[in-house]
Structures are given as structure tokens and as C-alpha cells.
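Novice: Supplied structure: start15.tsv, TSV, C-alpha atoms.
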chain	number	residue	atom	x	y	z
T	1	MET	CA	-19.56	-43.66	3.82
T	2	GLN	CA	-22.21	-41.35	2.38
T	3	TYR	CA	-21.84	-43.13	-0.97
T	4	ILE	CA	-22.48	-46.52	0.66
T	5	LEU	CA	-25.51	-45.18	2.57
T	6	ARG	CA	-26.95	-43.69	-0.63
T	7	ARG	CA	-26.55	-46.99	-2.43
T	8	LEU	CA	-28.12	-48.92	0.46
T	9	GLY	CA	-31.10	-46.52	0.38
T	10	PHE	CA	-31.45	-46.96	-3.37
T	11	TYR	CA	-31.44	-50.77	-3.15
T	12	ALA	CA	-33.92	-50.76	-0.25
T	13	LEU	CA	-36.27	-48.60	-2.37
T	14	ALA	CA	-35.81	-50.91	-5.37
T	15	ALA	CA	-36.57	-53.97	-3.21
T	16	TRP	CA	-39.78	-52.37	-1.92
T	17	LEU	CA	-40.85	-51.50	-5.48
T	18	SER	CA	-40.19	-55.09	-6.57
T	19	ILE	CA	-42.37	-56.48	-3.79
T	20	THR	CA	-45.11	-53.95	-4.62
T	21	ILE	CA	-45.07	-54.81	-8.34
T	22	ASN	CA	-45.05	-58.50	-7.46
T	23	PHE	CA	-48.22	-57.98	-5.43
T	24	PHE	CA	-50.18	-55.78	-7.85
T	25	LEU	CA	-49.20	-57.39	-11.18
T	26	PRO	CA	-51.27	-60.62	-10.86
T	27	ARG	CA	-54.19	-58.59	-9.53
T	28	LEU	CA	-54.12	-56.19	-12.52
T	29	MET	CA	-54.14	-59.00	-15.06
T	30	PRO	CA	-57.41	-60.04	-16.74
T	31	GLY	CA	-59.21	-62.46	-14.44
T	32	ASP	CA	-57.42	-63.42	-11.26
T	33	PRO	CA	-55.26	-66.29	-10.03
T	34	ALA	CA	-58.03	-67.65	-7.84
T	35	SER	CA	-60.45	-67.99	-10.76
T	36	VAL	CA	-57.85	-69.78	-12.87
T	37	ILE	CA	-57.01	-72.18	-10.06
T	38	PHE	CA	-60.58	-73.05	-9.25
T	39	ALA	CA	-61.57	-73.31	-12.92
T	40	ARG	CA	-59.21	-76.26	-13.21
T	41	PHE	CA	-61.52	-78.25	-10.91
T	42	ARG	CA	-64.54	-77.58	-13.19
T	43	GLY	CA	-67.12	-77.12	-10.45
T	44	GLN	CA	-66.13	-80.24	-8.54
T	45	LEU	CA	-65.44	-78.31	-5.35
T	46	GLN	CA	-67.95	-77.35	-2.68
T	47	PRO	CA	-68.00	-73.73	-1.37
T	48	GLU	CA	-66.38	-74.74	1.92
T	49	GLN	CA	-63.61	-76.59	0.01
T	50	ILE	CA	-63.01	-73.48	-2.12
T	51	GLN	CA	-62.77	-71.34	1.02
T	52	ALA	CA	-60.28	-73.82	2.54
T	53	MET	CA	-58.15	-73.72	-0.61
T	54	LYS	CA	-58.24	-69.92	-0.64
T	55	GLU	CA	-56.93	-69.87	2.91
T	56	ALA	CA	-54.24	-72.43	2.04
T	57	TYR	CA	-53.09	-70.40	-0.97
T	58	GLY	CA	-53.23	-67.09	0.90
T	59	LEU	CA	-55.99	-65.70	-1.36
T	60	SER	CA	-58.40	-63.28	0.21
T	61	ASP	CA	-61.51	-61.19	-0.57
T	62	ALA	CA	-60.35	-58.44	1.79
T	63	PRO	CA	-59.85	-54.85	0.48
T	64	LEU	CA	-56.74	-54.43	-1.65
T	65	HIS	CA	-54.83	-52.28	0.85
T	66	ILE	CA	-55.43	-54.87	3.59
T	67	GLN	CA	-54.19	-57.62	1.26
T	68	TYR	CA	-51.13	-55.49	0.46
T	69	ILE	CA	-50.26	-55.03	4.14
T	70	GLN	CA	-50.74	-58.76	4.77
T	71	TYR	CA	-48.55	-59.56	1.77
T	72	LEU	CA	-45.76	-57.23	2.95
T	73	SER	CA	-45.91	-58.80	6.41
T	74	SER	CA	-45.75	-62.31	4.92
T	75	VAL	CA	-42.75	-61.48	2.73
T	76	LEU	CA	-40.89	-59.88	5.62
T	77	HIS	CA	-41.51	-63.05	7.64
T	78	GLY	CA	-40.26	-65.24	4.75
T	79	ASN	CA	-43.71	-66.60	3.90
T	80	LEU	CA	-44.24	-66.65	0.11
T	81	GLY	CA	-47.37	-68.77	0.14
T	82	THR	CA	-48.09	-72.38	-0.85
T	83	SER	CA	-47.09	-73.85	-4.19
T	84	ILE	CA	-49.98	-75.10	-6.31
T	85	SER	CA	-48.01	-77.55	-8.42
T	86	ALA	CA	-46.19	-78.96	-5.37
T	87	PHE	CA	-49.10	-78.67	-2.90
T	88	PRO	CA	-48.90	-78.65	0.09
T	89	ALA	CA	-45.20	-77.64	0.00
T	90	PRO	CA	-44.50	-73.95	0.77
T	91	VAL	CA	-42.97	-71.87	-2.01
T	92	THR	CA	-39.88	-71.28	0.14
T	93	SER	CA	-39.29	-75.05	0.37
T	94	VAL	CA	-39.59	-75.50	-3.40
T	95	ILE	CA	-37.16	-72.63	-3.98
T	96	ALA	CA	-34.75	-73.88	-1.31
T	97	THR	CA	-34.49	-77.33	-2.90
T	98	SER	CA	-33.87	-75.87	-6.36
T	99	VAL	CA	-31.65	-72.89	-5.66
T	100	MET	CA	-28.57	-74.96	-4.76
T	101	TRP	CA	-28.63	-76.67	-8.16
T	102	THR	CA	-29.00	-73.34	-9.95
T	103	LEU	CA	-26.16	-71.82	-7.95
T	104	LEU	CA	-23.97	-74.84	-8.64
T	105	LEU	CA	-24.67	-74.80	-12.38
T	106	GLY	CA	-24.77	-71.05	-12.99
T	107	GLY	CA	-22.12	-70.13	-10.43
T	108	SER	CA	-19.54	-72.63	-11.65
T	109	ALA	CA	-20.20	-71.77	-15.31
T	110	LEU	CA	-20.00	-68.04	-14.63
T	111	LEU	CA	-16.81	-68.26	-12.57
T	112	ILE	CA	-15.05	-70.47	-15.13
T	113	SER	CA	-16.12	-68.37	-18.14
T	114	PHE	CA	-15.29	-65.08	-16.36
T	115	THR	CA	-11.86	-66.22	-15.16
T	116	LEU	CA	-10.85	-68.02	-18.35
T	117	GLY	CA	-12.27	-65.28	-20.59
T	118	ASN	CA	-10.47	-62.46	-18.81
T	119	VAL	CA	-7.15	-64.30	-18.71
T	120	LEU	CA	-7.42	-65.05	-22.44
T	121	GLY	CA	-8.41	-61.42	-23.08
T	122	ILE	CA	-5.36	-60.13	-21.18
T	123	PHE	CA	-2.91	-62.30	-23.09
T	124	SER	CA	-4.69	-61.64	-26.40
T	125	ALA	CA	-4.29	-57.86	-25.92
T	126	TRP	CA	-0.75	-58.14	-24.57
T	127	LYS	CA	0.32	-60.16	-27.61
T	128	ARG	CA	-1.75	-58.10	-30.03
T	129	GLY	CA	-1.48	-59.36	-33.60
T	130	GLY	CA	-0.16	-62.75	-32.47
T	131	LEU	CA	-1.63	-66.17	-33.13
T	132	LEU	CA	-3.88	-66.10	-30.05
T	133	ASP	CA	-5.22	-62.64	-30.91
T	134	ASN	CA	-5.87	-63.52	-34.55
T	135	VAL	CA	-7.59	-66.87	-33.99
T	136	LEU	CA	-9.41	-66.67	-30.66
T	137	PRO	CA	-11.77	-63.62	-30.98
T	138	PRO	CA	-13.25	-64.61	-34.40
T	139	LEU	CA	-13.66	-68.23	-33.28
T	140	LEU	CA	-15.43	-67.26	-30.05
T	141	ILE	CA	-17.67	-64.78	-31.86
T	142	PHE	CA	-18.64	-67.56	-34.28
T	143	VAL	CA	-19.45	-70.03	-31.48
T	144	GLY	CA	-21.18	-67.38	-29.36
T	145	SER	CA	-23.49	-66.42	-32.23
T	146	PHE	CA	-25.29	-69.78	-32.03
T	147	PRO	CA	-28.62	-69.72	-30.20
T	148	PHE	CA	-28.22	-70.93	-26.66
T	149	PHE	CA	-30.85	-73.66	-26.83
T	150	TRP	CA	-29.58	-74.92	-30.19
T	151	LEU	CA	-26.04	-75.48	-28.92
T	152	ALA	CA	-27.40	-77.19	-25.79
T	153	LEU	CA	-29.55	-79.51	-27.92
T	154	VAL	CA	-26.62	-80.35	-30.21
T	155	ALA	CA	-24.40	-81.14	-27.22
T	156	LEU	CA	-27.15	-83.24	-25.66
T	157	TYR	CA	-27.76	-85.21	-28.84
T	158	PHE	CA	-24.16	-85.96	-29.81
T	159	LEU	CA	-22.31	-86.11	-26.48
T	160	GLY	CA	-25.17	-87.47	-24.43
T	161	PHE	CA	-27.39	-89.56	-26.69
T	162	LYS	CA	-25.21	-90.55	-29.66
T	163	PHE	CA	-21.87	-91.23	-27.92
T	164	GLY	CA	-23.20	-91.77	-24.39
T	165	TRP	CA	-20.35	-89.82	-22.77
T	166	PHE	CA	-22.57	-87.77	-20.47
T	167	PRO	CA	-25.97	-88.26	-18.77
T	168	LEU	CA	-29.03	-86.95	-20.58
T	169	ARG	CA	-30.98	-85.45	-17.70
T	170	HIS	CA	-31.23	-84.51	-14.00
T	171	ALA	CA	-28.46	-83.40	-11.62
T	172	TYR	CA	-27.35	-86.82	-10.37
T	173	SER	CA	-28.06	-90.50	-10.92
T	174	ASP	CA	-31.56	-91.67	-9.95
T	175	LYS	CA	-29.97	-94.73	-8.33
T	176	LEU	CA	-28.13	-92.65	-5.72
T	177	GLN	CA	-29.23	-90.99	-2.51
T	178	MET	CA	-28.07	-87.44	-1.79
T	179	GLY	CA	-25.06	-87.38	0.53
T	180	TRP	CA	-21.41	-86.40	0.82
T	181	THR	CA	-20.05	-89.57	-0.77
T	182	TRP	CA	-17.48	-89.79	-3.55
T	183	GLU	CA	-19.97	-91.67	-5.71
T	184	PHE	CA	-22.64	-88.98	-5.33
T	185	VAL	CA	-20.20	-86.07	-5.83
T	186	GLY	CA	-18.81	-87.77	-8.93
T	187	SER	CA	-22.30	-88.24	-10.32
T	188	VAL	CA	-23.14	-84.55	-9.70
T	189	PHE	CA	-19.93	-83.51	-11.46
T	190	GLN	CA	-20.66	-85.82	-14.41
T	191	HIS	CA	-24.19	-84.42	-14.79
T	192	LEU	CA	-22.84	-80.85	-14.50
T	193	ILE	CA	-20.30	-80.96	-17.33
T	194	LEU	CA	-22.66	-80.82	-20.29
T	195	PRO	CA	-25.04	-78.00	-19.18
T	196	ALA	CA	-22.21	-75.95	-17.66
T	197	GLY	CA	-20.07	-76.49	-20.75
T	198	ALA	CA	-22.86	-75.20	-23.00
T	199	ILE	CA	-23.12	-71.99	-20.93
T	200	ILE	CA	-19.33	-71.51	-20.87
T	201	VAL	CA	-18.88	-72.02	-24.60
T	202	VAL	CA	-21.58	-69.48	-25.47
T	203	SER	CA	-20.66	-66.83	-22.90
T	204	ILE	CA	-16.87	-66.88	-22.80
T	205	GLY	CA	-16.49	-64.88	-26.02
T	206	GLY	CA	-18.05	-61.78	-24.44
T	207	TRP	CA	-15.57	-61.82	-21.56
T	208	VAL	CA	-12.59	-62.29	-23.90
T	209	LEU	CA	-13.61	-59.47	-26.25
T	210	GLY	CA	-14.54	-57.09	-23.43
T	211	MET	CA	-11.26	-57.61	-21.63
T	212	ARG	CA	-9.18	-57.48	-24.82
T	213	ASN	CA	-10.64	-54.19	-26.05
T	214	THR	CA	-10.42	-52.45	-22.66
T	215	MET	CA	-6.90	-53.77	-22.13
T	216	ILE	CA	-5.76	-52.40	-25.50
T	217	ASN	CA	-7.05	-48.95	-24.51
T	218	MET	CA	-5.23	-49.17	-21.19
T	219	LEU	CA	-1.94	-50.10	-22.85
T	220	GLY	CA	-2.02	-46.75	-24.66
T	221	GLU	CA	-2.36	-44.72	-21.44
T	222	ASP	CA	0.42	-42.54	-20.08
T	223	PHE	CA	0.74	-44.43	-16.80
T	224	ILE	CA	1.69	-47.58	-18.73
T	225	THR	CA	4.42	-45.66	-20.56
T	226	MET	CA	5.59	-44.29	-17.23
T	227	ALA	CA	5.69	-47.80	-15.73
T	228	GLU	CA	7.76	-49.05	-18.67
T	229	ALA	CA	10.11	-46.06	-18.36
T	230	LYS	CA	10.65	-46.92	-14.68
T	231	GLY	CA	11.83	-50.38	-15.75
T	232	LEU	CA	9.06	-52.40	-14.06
T	233	SER	CA	8.75	-56.03	-15.07
T	234	GLN	CA	6.43	-56.95	-17.94
T	235	ASN	CA	4.28	-59.17	-15.72
T	236	ARG	CA	3.81	-56.37	-13.18
T	237	ILE	CA	2.82	-53.86	-15.87
T	238	MET	CA	0.46	-56.36	-17.49
T	239	PHE	CA	-1.39	-57.53	-14.37
T	240	ASN	CA	-0.95	-54.78	-11.73
T	241	TYR	CA	-1.31	-51.75	-14.01
T	242	ALA	CA	-3.13	-52.60	-17.25
T	243	ALA	CA	-5.29	-55.61	-16.30
T	244	ARG	CA	-6.36	-54.23	-12.93
T	245	ASN	CA	-7.78	-51.06	-14.50
T	246	ALA	CA	-9.19	-52.88	-17.52
T	247	LEU	CA	-11.03	-55.29	-15.23
T	248	LEU	CA	-13.45	-52.66	-13.86
T	249	PRO	CA	-16.02	-52.78	-16.71
T	250	ASN	CA	-15.98	-56.57	-16.65
T	251	ILE	CA	-16.58	-56.57	-12.89
T	252	THR	CA	-19.74	-54.55	-13.49
T	253	ALA	CA	-20.83	-57.09	-16.11
T	254	PHE	CA	-19.93	-59.89	-13.71
T	255	GLY	CA	-22.25	-58.41	-11.09
T	256	MET	CA	-25.12	-58.29	-13.56
T	257	ALA	CA	-24.39	-61.84	-14.73
T	258	LEU	CA	-24.18	-63.03	-11.11
T	259	GLY	CA	-27.62	-61.65	-10.43
T	260	PHE	CA	-29.10	-63.32	-13.47
T	261	VAL	CA	-27.54	-66.68	-12.58
T	262	LEU	CA	-30.73	-67.51	-10.67
T	263	GLY	CA	-33.03	-66.94	-13.61
T	264	GLY	CA	-30.97	-66.58	-16.75
T	265	GLN	CA	-30.29	-70.24	-17.44
T	266	LEU	CA	-33.89	-71.28	-17.86
T	267	ILE	CA	-33.38	-72.79	-21.32
T	268	VAL	CA	-30.35	-74.88	-20.35
T	269	GLU	CA	-32.08	-76.23	-17.25
T	270	THR	CA	-35.16	-77.06	-19.32
T	271	VAL	CA	-33.18	-78.81	-22.08
T	272	PHE	CA	-31.22	-80.93	-19.59
T	273	SER	CA	-34.13	-81.30	-17.09
T	274	TYR	CA	-31.75	-79.86	-14.51
T	275	PRO	CA	-33.78	-79.33	-11.29
T	276	GLY	CA	-32.88	-75.65	-10.75
T	277	LEU	CA	-34.95	-72.48	-10.47
T	278	GLY	CA	-35.26	-72.09	-14.25
T	279	TYR	CA	-36.73	-75.58	-14.53
T	280	GLN	CA	-39.10	-74.82	-11.66
T	281	LEU	CA	-40.14	-71.56	-13.35
T	282	THR	CA	-41.03	-73.45	-16.53
T	283	LYS	CA	-43.14	-75.88	-14.52
T	284	ALA	CA	-44.77	-73.03	-12.61
T	285	VAL	CA	-45.78	-71.24	-15.84
T	286	SER	CA	-47.15	-74.41	-17.46
T	287	SER	CA	-49.19	-75.30	-14.35
T	288	LEU	CA	-50.28	-71.69	-13.63
T	289	ASP	CA	-48.61	-71.85	-10.23
T	290	TYR	CA	-48.91	-68.12	-9.42
T	291	PRO	CA	-47.48	-68.28	-5.85
T	292	LEU	CA	-44.36	-70.08	-7.12
T	293	MET	CA	-43.99	-67.66	-10.05
T	294	GLN	CA	-44.20	-64.68	-7.68
T	295	GLY	CA	-41.71	-66.28	-5.31
T	296	LEU	CA	-39.23	-66.96	-8.11
T	297	PHE	CA	-39.65	-63.41	-9.42
T	298	LEU	CA	-38.81	-61.99	-6.01
T	299	MET	CA	-35.88	-64.39	-5.64
T	300	ILE	CA	-34.39	-63.35	-8.99
T	301	THR	CA	-34.97	-59.64	-8.34
T	302	PHE	CA	-33.35	-59.77	-4.91
T	303	ALA	CA	-30.42	-61.70	-6.37
T	304	VAL	CA	-29.84	-59.00	-9.01
T	305	LEU	CA	-30.08	-56.23	-6.42
T	306	GLY	CA	-27.76	-58.08	-4.02
T	307	ALA	CA	-25.19	-58.72	-6.73
T	308	ASN	CA	-25.21	-55.06	-7.79
T	309	LEU	CA	-24.80	-53.96	-4.18
T	310	ILE	CA	-21.74	-56.21	-3.85
T	311	ILE	CA	-20.31	-54.77	-7.06
T	312	ASP	CA	-20.86	-51.22	-5.79
T	313	MET	CA	-18.91	-52.12	-2.65
T	314	LEU	CA	-16.13	-53.62	-4.77
T	315	TYR	CA	-15.96	-50.43	-6.81
T	316	VAL	CA	-15.33	-48.47	-3.63
T	317	ARG	CA	-12.36	-50.75	-2.99
T	318	LEU	CA	-10.96	-50.88	-6.52
T	319	ASP	CA	-11.58	-47.39	-7.92
T	320	PRO	CA	-10.00	-44.48	-5.98
T	321	ARG	CA	-12.25	-42.00	-7.83
T	322	VAL	CA	-15.34	-43.56	-6.20
T	323	ARG	CA	-13.73	-43.34	-2.76
T	324	ALA	CA	-12.86	-39.70	-3.39
T	325	SER	CA	-16.43	-38.88	-4.39
Could you rewrite the structure in this file as C-alpha cells?

Specialist:
Amino acid sequence: MQYILRRLGFYALAAWLSITINFFLPRLMPGDPASVIFARFRGQLQPEQIQAMKEAYGLSDAPLHIQYIQYLSSVLHGNLGTSISAFPAPVTSVIATSVMWTLLLGGSALLISFTLGNVLGIFSAWKRGGLLDNVLPPLLIFVGSFPFFWLALVALYFLGFKFGWFPLRHAYSDKLQMGWTWEFVGSVFQHLILPAGAIIVVSIGGWVLGMRNTMINMLGEDFITMAEAKGLSQNRIMFNYAARNALLPNITAFGMALGFVLGGQLIVETVFSYPGLGYQLTKAVSSLDYPLMQGLFLMITFAVLGANLIIDMLYVRLDPRVRAS
């Protein structure tokens, strides 16, 4: 219990630091967001219009500590300001409409690559020196060495543009309305295959190699020899003894990857114009939408912290040494 409380305290401190950095960083940069925003209108605004926009964007001339307290209060109440590029939509609304597409794309790609990669890694190590072990790791290293954006562009050109097998852009057909219909779900699945496939192909090699190498080390441990001496079945030794212990490092990596799902697929979403958080972040940077950039930064940071907290809890369940400590 003390371990869990310590971890909760650590993550609460990290969340507060993230919010603090998110507040001070734009204000420490040369110039300020307000000047950049108003410069875009090239003196076309009257003073009262500028004041109204400042209030709408949550910008203030109050002392810094007062602004900081107001910012903390707003974040705690779920108010992240108003988006400039999607004015007058709140930042929370822009994030809410995009996060489901990012979770669908990144979550499905991560789960498939993690599951498939670990299963292949287990069998590759168990049949060490076999055909699977000799062919798979070098092939996946070769494919995984390609730049992410390059592979996505190649897939888009050949499978989408040249052969016309998959859609070129967006998350579903422009002719459909969102709803739980077979036609809409089928369109979402069709639009998902190409971007998710690009992520899976590039990332699966890391899971396979990580699991294979850890599994090989586990197979040399004394408890595996003991299990074999007791006459346990091969499947039980492979999955319940070797794979379960070898999975721990990959679970840590899974937690990190889960956290970065919200922001780590920026390039793929941009290449395929997939309307997720990465695509929104690109638009926010190009349009100098500071409130949206800050909101996305907080969203990604909280996601990473939340994922690591879940992994810490899983470690308590899976590793007896953590429970003992």
C-alpha cells in the first residue's frame, strides 16, 4: 500500500509540474501569444475589439502569479481556453472530437503489434535456430529501419493511389454521416487499415526482438530446468513460466507506448489526413493556435502519466518482488 501511495504522490507532483511548465513556457518565449495573434490582423482591430478577443482567449494583463492561479483554477475545472484556429470552439471540444480517432488508430495498432510481436517472439525463442527464428528478426529489423513517414507515403501511393485498394484520406467516407450503421463502421475500418498497418509494420519488430531476447534469457534460468525436471507440459513451461516472466520488460514498454499513442503518431495522421490529435497538433502549430497547443501538450502528458501509473499497478500484481518491497 505504501508503494502505491508513493507512486500516486509522484504522479500528482509530475502532473502539477506539467501544468506549471505549460503555463510559464509560452510566457517565457520571445514575444507573447497575444502579440502574435493580434499581429495577424495587421492593425484592423479597434482597442475594444482587442480587449474582447483577449477575454475570449483567456489572455490577461494581470500580474503573473494572479494569471497562474487563474490558469490552475481553469485547468482543474476542465477549461483549457478557446481555440484560435477553430474559434469559437473551446479547446476541450476540439480535443474531444479528435481523441477518439487517435485512440482508435493508435490503440488498435499498438494492441495488434504488441500482441502479435510478443507471440512471435515467444515462438521464435522457443524454437531457437528454426526457420521462424532465422527469418523473422532480420526481416523485421530491415522493415523497421525505414523512416516512418517514408513507409506511410509508399503505402499511400501504391495501395491507395496506384491500385485504389484503400482510401487516400480522412477517417471515413465524406458521403456518410456518423452513426452506428454497418456502412459507417465498414468505412471507418477501411480507412483505418492503411495508417494502422503502417504503424504495425514499423513497430512490430521491436516487440518481437525484445520478447525473443528476454525469453532466451529466461529459458536458461534454474526455475525452467526445475519445471522441466518436474515433468510439466511444454506449453505450461513456455507460457506460464518463461513467457510470463519475460513479459515484464515489454509491459513497461507497452505503458510508455500507450502514453505516446495520443501524440506519437503525428506523422501518420498528417500523411493520411487522419483527424486525430496529431493532425490537430500540426494544424495548431501552423496556425499559431497557442491555446490548442497547450491543451494538446497537457493531454499527451497526462496520458503518459496515466499509462505509467497503470503499469506500476500491474507490476504490483505481476511481480512478487514489488509486492514484497

Novice: At a cut-off of 12 Å, using all atoms listed in the file, what residues contact Ala14 (chain T)? Leave out same-chain residues fewer than 3 positions from it and give the result as a VMD selection string.

Specialist: chain T and resid 7 to 11 17 to 21 298 301 to 302 304 to 306 308 to 309

Novice: At what distance in Å, to one decimal, does CA of Leu232 (chain T) lie from CA of Asn250 (chain T)?

Specialist: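 Spanning CA of Asn250 (chain T) to CA of Leu232 (chain T) is a straight-line distance of 25.5 Å.
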
Novice: Env of Ile95 (chain T): 8 Å cut, atoms = only C-alpha atoms, seq-sep filter 4 positions within chain, self excluded. Answer as number ranges by chain.

Specialist: T: 91, 99, 277, 295-296

Novice: Figure out the distance between CA of Arg212 (chain T) and CA of Ala125 (chain T), please, to one decimal in Å.

Specialist: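 Those two atoms sit 5.0 Å apart.
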
Novice: As number ranges by chain, please: the residues near Val188 (chain T) (cut-off 7 Å, only C-alpha atoms, same-chain neighbours under 4 positions excluded).

Specialist: T: 171-172, 184, 192

Novice: Choose the residue, out of T:Phe114, T:Phe87, T:Phe123, T:Phe166, that has the smallest atom-to-atom separation from Gln234 (chain T); count all atoms listed in the file.

Specialist: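 Looking only at the distances to Gln234 (chain T), the closest residue turns out to be T:Phe123.
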
Novice: Residues near region 62-69 of chain T, anyone? I mean within 9 Å using all atoms listed in the file, not counting same-chain ones fewer than 4 positions away, as a ChimeraX atom specification.

Specialist: /T:20,23-24,73-74

Novice: Please save C-alpha atoms of the selected residues as a PDB file, keeping the file's coordinate frame.

Specialist:
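Output saved as result-v8.pdb:
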ATOM      1  CA  THR T  20     -45.110 -53.950  -4.620  1.00  0.00           C
ATOM      2  CA  PHE T  23     -48.220 -57.980  -5.430  1.00  0.00           C
ATOM      3  CA  PHE T  24     -50.180 -55.780  -7.850  1.00  0.00           C
ATOM      4  CA  SER T  73     -45.910 -58.800   6.410  1.00  0.00           C
ATOM      5  CA  SER T  74     -45.750 -62.310   4.920  1.00  0.00           C
TER       6      SER T  74
END

Novice: Taking into account only C-alpha atoms, which residue in the set T:Val271, T:Ala257, T:Met238, T:Leu139 is nearest to Ser113 (chain T)?

Specialist: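 Closest to Ser113 (chain T) of all the choices is T:Ala257.
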
Novice: Calculated over all atoms listed in the file, which of the candidates T:Gln2, T:Asn245, T:Asn79, T:Ser273 has the smallest distance to Pro167 (chain T)?

Specialist: T:Ser273

Novice: What is the distance between CA of Thr214 (chain T) and CA of Ala246 (chain T), in Å to one decimal?

Specialist: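 Here the two named atoms are 5.3 Å from each other.
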
Novice: Skipping near chain neighbours, those fewer than 4 positions away, what residues fall within 10 Å of region 268-270 of chain T using all atoms listed in the file, listed as an MDAnalysis selection string?

Specialist: chainID T and resid 101:102 105:106 148:153 169:171 194:196 198:199 264 274:283
